[in-house]
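Visitor: This one is my_file-v8.pdb, PDB, C-alpha atoms.
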MODEL        1
ATOM      1  CA  MET A   1     -24.359 -14.416  -5.108  1.00  0.00           C
ATOM      2  CA  LYS A   2     -21.011 -14.998  -6.770  1.00  0.00           C
ATOM      3  CA  ARG A   3     -18.682 -13.871  -4.066  1.00  0.00           C
ATOM      4  CA  THR A   4     -15.021 -14.753  -4.328  1.00  0.00           C
ATOM      5  CA  TYR A   5     -13.051 -15.504  -1.210  1.00  0.00           C
ATOM      6  CA  GLU A   6      -9.449 -16.364  -0.541  1.00  0.00           C
ATOM      7  CA  LEU A   7      -8.922 -18.696   2.344  1.00  0.00           C
ATOM      8  CA  MET A   8      -5.371 -19.214   3.475  1.00  0.00           C
ATOM      9  CA  PHE A   9      -4.550 -21.602   6.250  1.00  0.00           C
ATOM     10  CA  ILE A  10      -1.428 -22.990   7.844  1.00  0.00           C
ATOM     11  CA  VAL A  11      -0.986 -26.636   8.616  1.00  0.00           C
ATOM     12  CA  ARG A  12       1.548 -27.920  11.117  1.00  0.00           C
ATOM     13  CA  PRO A  13       4.842 -28.823   9.415  1.00  0.00           C
ATOM     14  CA  ASP A  14       5.087 -32.391  10.617  1.00  0.00           C
ATOM     15  CA  MET A  15       1.982 -33.451   8.764  1.00  0.00           C
ATOM     16  CA  PRO A  16       2.380 -36.145   6.092  1.00  0.00           C
ATOM     17  CA  GLU A  17       1.441 -35.378   2.523  1.00  0.00           C
ATOM     18  CA  GLU A  18      -1.358 -37.898   2.150  1.00  0.00           C
ATOM     19  CA  GLU A  19      -3.174 -36.558   5.160  1.00  0.00           C
ATOM     20  CA  MET A  20      -2.883 -33.059   3.808  1.00  0.00           C
ATOM     21  CA  SER A  21      -4.209 -33.960   0.367  1.00  0.00           C
ATOM     22  CA  LYS A  22      -7.026 -35.804   2.124  1.00  0.00           C
ATOM     23  CA  LEU A  23      -7.849 -32.696   4.116  1.00  0.00           C
ATOM     24  CA  ILE A  24      -7.815 -30.501   1.034  1.00  0.00           C
ATOM     25  CA  SER A  25     -10.025 -32.882  -0.908  1.00  0.00           C
ATOM     26  CA  THR A  26     -12.527 -32.990   1.992  1.00  0.00           C
ATOM     27  CA  LEU A  27     -12.705 -29.225   2.002  1.00  0.00           C
ATOM     28  CA  GLU A  28     -13.054 -29.083  -1.768  1.00  0.00           C
ATOM     29  CA  SER A  29     -15.852 -31.615  -1.745  1.00  0.00           C
ATOM     30  CA  SER A  30     -17.731 -29.703   0.932  1.00  0.00           C
ATOM     31  CA  VAL A  31     -17.524 -26.587  -1.214  1.00  0.00           C
ATOM     32  CA  SER A  32     -18.654 -28.250  -4.421  1.00  0.00           C
ATOM     33  CA  SER A  33     -21.497 -30.037  -2.646  1.00  0.00           C
ATOM     34  CA  ALA A  34     -22.720 -26.664  -1.417  1.00  0.00           C
ATOM     35  CA  GLY A  35     -22.611 -25.352  -4.976  1.00  0.00           C
ATOM     36  CA  GLY A  36     -19.401 -23.424  -5.327  1.00  0.00           C
ATOM     37  CA  THR A  37     -16.129 -23.719  -7.160  1.00  0.00           C
ATOM     38  CA  VAL A  38     -12.767 -24.018  -5.480  1.00  0.00           C
ATOM     39  CA  LYS A  39      -9.137 -23.894  -6.528  1.00  0.00           C
ATOM     40  CA  SER A  40      -6.373 -24.962  -4.220  1.00  0.00           C
ATOM     41  CA  GLU A  41      -2.723 -24.042  -4.136  1.00  0.00           C
ATOM     42  CA  VAL A  42      -0.160 -25.432  -1.754  1.00  0.00           C
ATOM     43  CA  TRP A  43       2.624 -22.967  -1.034  1.00  0.00           C
ATOM     44  CA  GLY A  44       4.736 -25.400   0.896  1.00  0.00           C
ATOM     45  CA  LYS A  45       6.697 -25.076   4.065  1.00  0.00           C
ATOM     46  CA  ARG A  46       7.594 -21.555   5.125  1.00  0.00           C
ATOM     47  CA  ARG A  47       9.068 -20.055   8.190  1.00  0.00           C
ATOM     48  CA  LEU A  48       6.512 -18.296  10.351  1.00  0.00           C
ATOM     49  CA  ALA A  49       7.091 -14.733  11.463  1.00  0.00           C
ATOM     50  CA  TYR A  50       6.247 -15.682  15.039  1.00  0.00           C
ATOM     51  CA  THR A  51       5.659 -18.850  17.007  1.00  0.00           C
ATOM     52  CA  VAL A  52       2.188 -20.287  16.653  1.00  0.00           C
ATOM     53  CA  ARG A  53       1.288 -23.101  19.033  1.00  0.00           C
ATOM     54  CA  ARG A  54       4.989 -23.733  19.547  1.00  0.00           C
ATOM     55  CA  PHE A  55       5.654 -24.194  15.805  1.00  0.00           C
ATOM     56  CA  HIS A  56       8.218 -22.150  13.909  1.00  0.00           C
ATOM     57  CA  ASP A  57       7.372 -23.409  10.392  1.00  0.00           C
ATOM     58  CA  GLY A  58       4.166 -24.272   8.671  1.00  0.00           C
ATOM     59  CA  ILE A  59       2.746 -25.503   5.411  1.00  0.00           C
ATOM     60  CA  PHE A  60       0.722 -22.766   3.731  1.00  0.00           C
ATOM     61  CA  VAL A  61      -2.329 -23.646   1.673  1.00  0.00           C
ATOM     62  CA  LEU A  62      -4.377 -21.202  -0.375  1.00  0.00           C
ATOM     63  CA  LEU A  63      -7.957 -21.871  -1.445  1.00  0.00           C
ATOM     64  CA  THR A  64      -9.852 -19.622  -3.835  1.00  0.00           C
ATOM     65  CA  VAL A  65     -13.566 -20.191  -3.268  1.00  0.00           C
ATOM     66  CA  GLU A  66     -16.465 -18.860  -5.297  1.00  0.00           C
ATOM     67  CA  GLY A  67     -19.803 -19.020  -3.607  1.00  0.00           C
ATOM     68  CA  GLY A  68     -21.942 -17.614  -0.837  1.00  0.00           C
ATOM     69  CA  GLY A  69     -20.980 -16.753   2.682  1.00  0.00           C
ATOM     70  CA  ALA A  70     -22.470 -19.934   4.107  1.00  0.00           C
ATOM     71  CA  ILE A  71     -19.803 -21.990   2.344  1.00  0.00           C
ATOM     72  CA  ILE A  72     -17.075 -20.019   4.024  1.00  0.00           C
ATOM     73  CA  HIS A  73     -18.833 -20.358   7.359  1.00  0.00           C
ATOM     74  CA  GLU A  74     -18.835 -24.116   6.948  1.00  0.00           C
ATOM     75  CA  LEU A  75     -15.194 -24.230   5.829  1.00  0.00           C
ATOM     76  CA  GLU A  76     -14.033 -22.129   8.752  1.00  0.00           C
ATOM     77  CA  ARG A  77     -15.967 -24.277  11.194  1.00  0.00           C
ATOM     78  CA  ARG A  78     -14.217 -27.334   9.829  1.00  0.00           C
ATOM     79  CA  LEU A  79     -10.820 -25.698   9.958  1.00  0.00           C
ATOM     80  CA  ARG A  80     -11.324 -24.622  13.547  1.00  0.00           C
ATOM     81  CA  VAL A  81     -12.081 -28.197  14.516  1.00  0.00           C
ATOM     82  CA  THR A  82      -9.258 -29.780  12.496  1.00  0.00           C
ATOM     83  CA  GLU A  83      -6.320 -30.283  14.771  1.00  0.00           C
ATOM     84  CA  PRO A  84      -3.389 -29.866  12.330  1.00  0.00           C
ATOM     85  CA  VAL A  85      -4.620 -26.464  11.097  1.00  0.00           C
ATOM     86  CA  ILE A  86      -3.008 -23.807  13.256  1.00  0.00           C
ATOM     87  CA  LYS A  87      -4.121 -20.577  11.609  1.00  0.00           C
ATOM     88  CA  PHE A  88      -6.437 -19.380   8.882  1.00  0.00           C
ATOM     89  CA  ILE A  89      -7.614 -16.150   7.347  1.00  0.00           C
ATOM     90  CA  THR A  90     -10.429 -15.448   4.898  1.00  0.00           C
ATOM     91  CA  VAL A  91     -10.388 -12.431   2.652  1.00  0.00           C
ATOM     92  CA  ARG A  92     -13.194 -11.407   0.347  1.00  0.00           C
ATOM     93  CA  ILE A  93     -11.738 -10.466  -3.015  1.00  0.00           C
ATOM     94  CA  ASP A  94     -14.597  -9.909  -5.441  1.00  0.00           C
ATOM     95  CA  GLU A  95     -14.906  -6.179  -4.738  1.00  0.00           C
ATOM     96  CA  GLU A  96     -11.180  -5.777  -5.116  1.00  0.00           C
ATOM     97  CA  GLN A  97     -11.275  -7.740  -8.379  1.00  0.00           C
ATOM     98  CA  LYS A  98     -14.031  -5.465  -9.651  1.00  0.00           C
ATOM     99  CA  ARG A  99     -11.930  -2.417  -8.887  1.00  0.00           C
ATOM    100  CA  LEU A 100      -8.845  -3.861 -10.536  1.00  0.00           C
ATOM    101  CA  ASP A 101     -10.771  -4.846 -13.651  1.00  0.00           C
ATOM    102  CA  LYS A 102     -12.250  -1.361 -13.845  1.00  0.00           C
ATOM    103  CA  ILE A 103      -8.799   0.191 -13.654  1.00  0.00           C
ATOM    104  CA  LYS A 104      -7.495  -2.166 -16.314  1.00  0.00           C
ATOM    105  CA  LYS A 105     -10.368  -1.236 -18.603  1.00  0.00           C
ATOM    106  CA  ILE A 106      -9.727   2.455 -18.149  1.00  0.00           C
ATOM    107  CA  ARG A 107      -6.046   1.995 -18.885  1.00  0.00           C
ATOM    108  CA  GLU A 108      -6.714  -0.062 -21.983  1.00  0.00           C
ATOM    109  CA  SER A 109      -9.229   2.436 -23.294  1.00  0.00           C
ATOM    110  CA  ARG A 110      -6.729   5.211 -22.705  1.00  0.00           C
ATOM    111  CA  LYS A 111      -4.091   3.354 -24.689  1.00  0.00           C
ATOM    112  CA  LYS A 112      -6.482   2.852 -27.581  1.00  0.00           C
ATOM    113  CA  THR A 113      -7.464   6.526 -27.765  1.00  0.00           C
ATOM    114  CA  SER A 114      -3.850   7.637 -27.612  1.00  0.00           C
ATOM    115  CA  THR A 115      -2.544   5.351 -30.394  1.00  0.00           C
ATOM    116  CA  ALA A 116      -5.448   5.280 -32.897  1.00  0.00           C
ATOM    117  CA  PRO A 117      -6.204   8.935 -33.745  1.00  0.00           C
ATOM    118  CA  ALA A 118      -2.753  10.259 -34.693  1.00  0.00           C
ATOM    119  CA  VAL A 119      -4.404  13.118 -36.591  1.00  0.00           C
ATOM    120  CA  THR A 120      -5.905  14.897 -33.615  1.00  0.00           C
ATOM    121  CA  PRO A 121      -2.630  15.591 -31.759  1.00  0.00           C
ATOM    122  CA  GLU A 122      -1.166  17.060 -34.958  1.00  0.00           C
ATOM    123  CA  ALA A 123      -4.253  19.152 -35.549  1.00  0.00           C
ATOM    124  CA  ALA A 124      -4.050  20.365 -31.988  1.00  0.00           C
ATOM    125  CA  SER A 125      -0.368  21.236 -32.236  1.00  0.00           C
ATOM    126  CA  GLU A 126      -0.664  23.126 -35.524  1.00  0.00           C
ATOM    127  CA  PRO A 127      -2.907  25.945 -34.287  1.00  0.00           C
ATOM    128  CA  ALA A 128      -0.744  26.065 -31.165  1.00  0.00           C
ATOM    129  CA  ALA A 129       2.450  26.357 -33.210  1.00  0.00           C
ATOM    130  CA  THR A 130       1.286  29.082 -35.581  1.00  0.00           C
ATOM    131  CA  PRO A 131       0.713  31.801 -32.956  1.00  0.00           C
ATOM    132  CA  ALA A 132       4.156  31.053 -31.561  1.00  0.00           C
ATOM    133  CA  HIS A 133       5.667  31.671 -34.978  1.00  0.00           C
TER     134      HIS A 133
ATOM    135  CA  MET B 134       9.348  62.141   2.947  1.00  0.00           C
ATOM    136  CA  ALA B 135      10.600  60.566  -0.240  1.00  0.00           C
ATOM    137  CA  ASP B 136      14.011  62.218   0.148  1.00  0.00           C
ATOM    138  CA  GLU B 137      14.333  60.945   3.676  1.00  0.00           C
ATOM    139  CA  VAL B 138      13.437  57.419   2.620  1.00  0.00           C
ATOM    140  CA  ARG B 139      15.956  57.473  -0.222  1.00  0.00           C
ATOM    141  CA  ALA B 140      18.710  58.879   1.973  1.00  0.00           C
ATOM    142  CA  PRO B 141      18.865  56.621   4.989  1.00  0.00           C
ATOM    143  CA  GLU B 142      21.900  58.462   6.346  1.00  0.00           C
ATOM    144  CA  ALA B 143      19.603  61.210   7.583  1.00  0.00           C
ATOM    145  CA  THR B 144      18.802  59.424  10.801  1.00  0.00           C
ATOM    146  CA  THR B 145      17.437  62.342  12.752  1.00  0.00           C
ATOM    147  CA  THR B 146      13.769  62.562  13.414  1.00  0.00           C
ATOM    148  CA  THR B 147      11.505  60.304  11.368  1.00  0.00           C
ATOM    149  CA  GLU B 148      10.872  57.024  13.090  1.00  0.00           C
ATOM    150  CA  ALA B 149       9.484  55.021  10.191  1.00  0.00           C
ATOM    151  CA  PRO B 150      12.775  54.590   8.263  1.00  0.00           C
ATOM    152  CA  GLN B 151      14.648  53.913  11.488  1.00  0.00           C
ATOM    153  CA  ARG B 152      12.284  51.170  12.467  1.00  0.00           C
ATOM    154  CA  SER B 153      12.238  49.616   9.068  1.00  0.00           C
ATOM    155  CA  GLY B 154      16.060  49.678   8.818  1.00  0.00           C
ATOM    156  CA  PRO B 155      16.968  47.346  11.685  1.00  0.00           C
ATOM    157  CA  ARG B 156      13.887  45.258  11.061  1.00  0.00           C
ATOM    158  CA  ASP B 157      14.926  44.590   7.501  1.00  0.00           C
ATOM    159  CA  ARG B 158      18.410  43.685   8.611  1.00  0.00           C
ATOM    160  CA  ASP B 159      17.132  41.305  11.247  1.00  0.00           C
ATOM    161  CA  ARG B 160      14.820  39.670   8.801  1.00  0.00           C
ATOM    162  CA  GLU B 161      17.591  39.289   6.309  1.00  0.00           C
ATOM    163  CA  ARG B 162      20.050  37.787   8.755  1.00  0.00           C
ATOM    164  CA  GLY B 163      17.783  35.771  10.996  1.00  0.00           C
ATOM    165  CA  GLY B 164      15.006  35.118   8.540  1.00  0.00           C
ATOM    166  CA  ARG B 165      16.737  33.612   5.550  1.00  0.00           C
ATOM    167  CA  PRO B 166      19.213  31.158   7.048  1.00  0.00           C
ATOM    168  CA  GLY B 167      16.746  30.054   9.711  1.00  0.00           C
ATOM    169  CA  GLY B 168      13.972  29.830   7.176  1.00  0.00           C
ATOM    170  CA  GLY B 169      16.197  27.864   4.865  1.00  0.00           C
ATOM    171  CA  ARG B 170      16.941  25.246   7.510  1.00  0.00           C
ATOM    172  CA  GLU B 171      13.401  24.965   8.792  1.00  0.00           C
ATOM    173  CA  GLY B 172      11.926  24.971   5.292  1.00  0.00           C
ATOM    174  CA  GLY B 173      14.160  22.099   4.269  1.00  0.00           C
ATOM    175  CA  ARG B 174      13.142  19.981   7.232  1.00  0.00           C
ATOM    176  CA  LYS B 175       9.491  20.783   7.515  1.00  0.00           C
ATOM    177  CA  TYR B 176       8.265  21.307   4.037  1.00  0.00           C
ATOM    178  CA  PHE B 177       9.739  19.403   1.159  1.00  0.00           C
ATOM    179  CA  ARG B 178      12.223  16.610   1.901  1.00  0.00           C
ATOM    180  CA  ARG B 179      13.362  15.816  -1.646  1.00  0.00           C
ATOM    181  CA  LYS B 180       9.773  15.575  -2.995  1.00  0.00           C
ATOM    182  CA  LYS B 181       9.299  11.833  -2.466  1.00  0.00           C
ATOM    183  CA  VAL B 182       6.905  10.169  -4.847  1.00  0.00           C
ATOM    184  CA  CYS B 183       4.496   7.369  -4.065  1.00  0.00           C
ATOM    185  CA  LYS B 184       6.021   4.127  -5.249  1.00  0.00           C
ATOM    186  CA  PHE B 185       2.643   2.649  -6.097  1.00  0.00           C
ATOM    187  CA  CYS B 186       1.528   5.622  -8.162  1.00  0.00           C
ATOM    188  CA  VAL B 187       4.750   5.686 -10.149  1.00  0.00           C
ATOM    189  CA  GLU B 188       4.965   1.975 -10.880  1.00  0.00           C
ATOM    190  CA  LYS B 189       1.182   1.713 -11.249  1.00  0.00           C
ATOM    191  CA  ILE B 190       0.922  -1.196  -8.861  1.00  0.00           C
ATOM    192  CA  GLU B 191      -2.762  -1.443  -8.115  1.00  0.00           C
ATOM    193  CA  ALA B 192      -3.090  -4.725  -6.246  1.00  0.00           C
ATOM    194  CA  ILE B 193      -1.545  -4.549  -2.793  1.00  0.00           C
ATOM    195  CA  ASN B 194      -1.993  -8.093  -1.585  1.00  0.00           C
ATOM    196  CA  TYR B 195      -1.227  -9.425   1.867  1.00  0.00           C
ATOM    197  CA  LYS B 196       0.521 -12.344   0.165  1.00  0.00           C
ATOM    198  CA  ASP B 197       3.484 -10.550  -1.440  1.00  0.00           C
ATOM    199  CA  VAL B 198       5.640 -10.264   1.629  1.00  0.00           C
ATOM    200  CA  ARG B 199       8.614  -8.811  -0.231  1.00  0.00           C
ATOM    201  CA  LEU B 200       6.623  -5.754  -1.289  1.00  0.00           C
ATOM    202  CA  LEU B 201       5.098  -5.271   2.156  1.00  0.00           C
ATOM    203  CA  ALA B 202       8.373  -5.764   4.001  1.00  0.00           C
ATOM    204  CA  GLN B 203       9.776  -2.646   2.346  1.00  0.00           C
ATOM    205  CA  PHE B 204       7.281  -0.552   4.310  1.00  0.00           C
ATOM    206  CA  VAL B 205       7.825  -2.247   7.644  1.00  0.00           C
ATOM    207  CA  ALA B 206      10.584  -1.203  10.010  1.00  0.00           C
ATOM    208  CA  GLU B 207      13.000  -3.595  11.670  1.00  0.00           C
ATOM    209  CA  SER B 208      10.934  -3.477  14.800  1.00  0.00           C
ATOM    210  CA  GLY B 209       7.927  -4.663  12.813  1.00  0.00           C
ATOM    211  CA  LYS B 210       6.171  -1.300  12.925  1.00  0.00           C
ATOM    212  CA  ILE B 211       4.494   0.141   9.840  1.00  0.00           C
ATOM    213  CA  VAL B 212       6.569   3.049   8.553  1.00  0.00           C
ATOM    214  CA  PRO B 213       4.630   6.351   8.418  1.00  0.00           C
ATOM    215  CA  ARG B 214       3.909   7.794   5.025  1.00  0.00           C
ATOM    216  CA  ARG B 215       5.852  10.970   5.616  1.00  0.00           C
ATOM    217  CA  LEU B 216       8.994   8.832   5.553  1.00  0.00           C
ATOM    218  CA  THR B 217       8.124   6.555   2.666  1.00  0.00           C
ATOM    219  CA  GLY B 218       6.318   9.122   0.525  1.00  0.00           C
ATOM    220  CA  VAL B 219       3.320   6.890  -0.150  1.00  0.00           C
ATOM    221  CA  CYS B 220       0.069   8.633  -0.979  1.00  0.00           C
ATOM    222  CA  THR B 221      -2.893   8.335   1.365  1.00  0.00           C
ATOM    223  CA  PRO B 222      -5.156   5.801  -0.397  1.00  0.00           C
ATOM    224  CA  HIS B 223      -2.222   3.511  -1.029  1.00  0.00           C
ATOM    225  CA  GLN B 224      -1.033   3.871   2.528  1.00  0.00           C
ATOM    226  CA  ARG B 225      -4.449   2.811   3.781  1.00  0.00           C
ATOM    227  CA  ARG B 226      -4.498  -0.272   1.580  1.00  0.00           C
ATOM    228  CA  LEU B 227      -0.919  -1.035   2.451  1.00  0.00           C
ATOM    229  CA  SER B 228      -1.543  -0.889   6.175  1.00  0.00           C
ATOM    230  CA  SER B 229      -4.586  -3.150   5.960  1.00  0.00           C
ATOM    231  CA  ALA B 230      -2.578  -5.598   3.854  1.00  0.00           C
ATOM    232  CA  ILE B 231       0.227  -5.537   6.417  1.00  0.00           C
ATOM    233  CA  LYS B 232      -2.249  -6.200   9.212  1.00  0.00           C
ATOM    234  CA  GLN B 233      -3.710  -9.149   7.291  1.00  0.00           C
ATOM    235  CA  ALA B 234      -0.209 -10.495   6.673  1.00  0.00           C
ATOM    236  CA  ARG B 235       0.569 -10.179  10.374  1.00  0.00           C
ATOM    237  CA  ASN B 236      -2.517 -12.189  11.216  1.00  0.00           C
ATOM    238  CA  ILE B 237      -1.442 -15.052   8.988  1.00  0.00           C
ATOM    239  CA  ALA B 238       2.137 -15.035  10.352  1.00  0.00           C
ATOM    240  CA  LEU B 239       3.734 -13.758   7.164  1.00  0.00           C
ATOM    241  CA  LEU B 240       4.923 -10.634   8.922  1.00  0.00           C
ATOM    242  CA  PRO B 241       5.735 -10.269  12.601  1.00  0.00           C
ATOM    243  CA  PHE B 242       3.755  -8.160  15.017  1.00  0.00           C
ATOM    244  CA  ALA B 243       6.900  -7.118  16.842  1.00  0.00           C
ATOM    245  CA  GLY B 244      10.481  -7.623  15.765  1.00  0.00           C
ATOM    246  CA  ARG B 245      13.379  -8.640  17.918  1.00  0.00           C
ATOM    247  CA  ALA B 246      14.641  -5.099  18.526  1.00  0.00           C
ATOM    248  CA  MET B 247      11.665  -3.761  20.399  1.00  0.00           C
TER     249      MET B 247
ENDMDL
END
Represent the structure contained in this file as structure tokens.

Guide:
Amino acid sequence: MKRTYELMFIVRPDMPEEEMSKLISTLESSVSSAGGTVKSEVWGKRRLAYTVRRFHDGIFVLLTVEGGGAIIHELERRLRVTEPVIKFITVRIDEEQKRLDKIKKIRESRKKTSTAPAVTPEAASEPAATPAH
Amino acid sequence: MADEVRAPEATTTTEAPQRSGPRDRDRERGGRPGGGREGGRKYFRRKKVCKFCVEKIEAINYKDVRLLAQFVAESGKIVPRRLTGVCTPHQRRLSSAIKQARNIALLPFAGRAM
């Protein structure tokens, strides 16, 4: 059930700060009422790579949501309706996180095996060296 | 037979050494320089290494535009892996990250040139 999503949306640049914080808090409350956790990050105003609804800049906001798919469905519905939001994208990141953690574990275990037994490489090199001599 | 092969000056009757003579010369002249040029273009190209494998970057996120922009041409097109030297699994992840970034207006679909 614990799926992690990243929801990034762009708000029109001429939006005042209080309205934006109000919007973010509404979204956060809808997530927590549905039983999930959310973290928000405001990237600030950035230039867009192409014109969206006749805007050249936008305020980027990133939400990291933990919960089921229904929460995301609800969030996206709200964002579609909200007028100042001009674009959004949701990416599911829990599978990717699993993969990254697995790779980290493998790398850490490799480091441990390479540093701890210093005897085995010497033992391996000795029988290799003697036939050469 | 062996004497005739060793002495190629005796160019009278046997056809086998005569045939092999000009053939060898043609292969030597035409084969090596042509093969050298074509081999350089088609096969190796300085043995490019995959940037992600070397630097051990595992997470290719749509959010780091600076990393993704290195693999995007001026026209906005994704650069093929034979030019960048990226390995196949990383190229797949990279292209999906670029497409996600394009959707969220971090990268353009088409640049100004084309």

Visitor: Give me the residues within 8 Å of stretch 223-226 of chain B as a PyMOL selection string, counting only C-alpha atoms and dropping any in the same chain fewer than 4 places off.

Guide: chain B and resi 185+193+214+219+230

Visitor: Please write as number ranges by chain the full residue list that the PyMOL selection byres ((chain B and resi 244) around 12) yields on this file.

Guide: A: 49-50; B: 205-211, 235, 240-243, 245-247

Visitor: Give me the result of the PyMOL selection byres ((chain A) within 9 of (chain B)) on this file, residue by residue, as a list of chain:residue names.

Guide: A:Met8, A:Phe9, A:Ile10, A:Arg46, A:Arg47, A:Leu48, A:Ala49, A:Tyr50, A:Thr51, A:Val52, A:Lys87, A:Phe88, A:Ile89, A:Val91, A:Glu96, A:Gln97, A:Leu100, A:Ile103

Visitor: Report, in Å with one decimal, the straight-line distance from atom CA of A:Asp94 to atom CA of A:Gly58.

Guide: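 Atom-to-atom, atom CA of A:Asp94 and atom CA of A:Gly58 are spaced 27.5 Å apart.
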
Visitor: Grab the atom CA of B:Lys189 to atom CA of A:Arg107 distance for me, in Å with one decimal place.

Guide: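 Between these atoms lies a distance of 10.5 Å.
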
Visitor: Could you check the closest approach to A:Val85 for each of A:Glu108, A:Glu6, A:Asp14, A:Glu28 and tell me which residue wins, using all atoms listed in the file?

Guide: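 Answer, going by the shortest atom-to-atom distance: A:Asp14.
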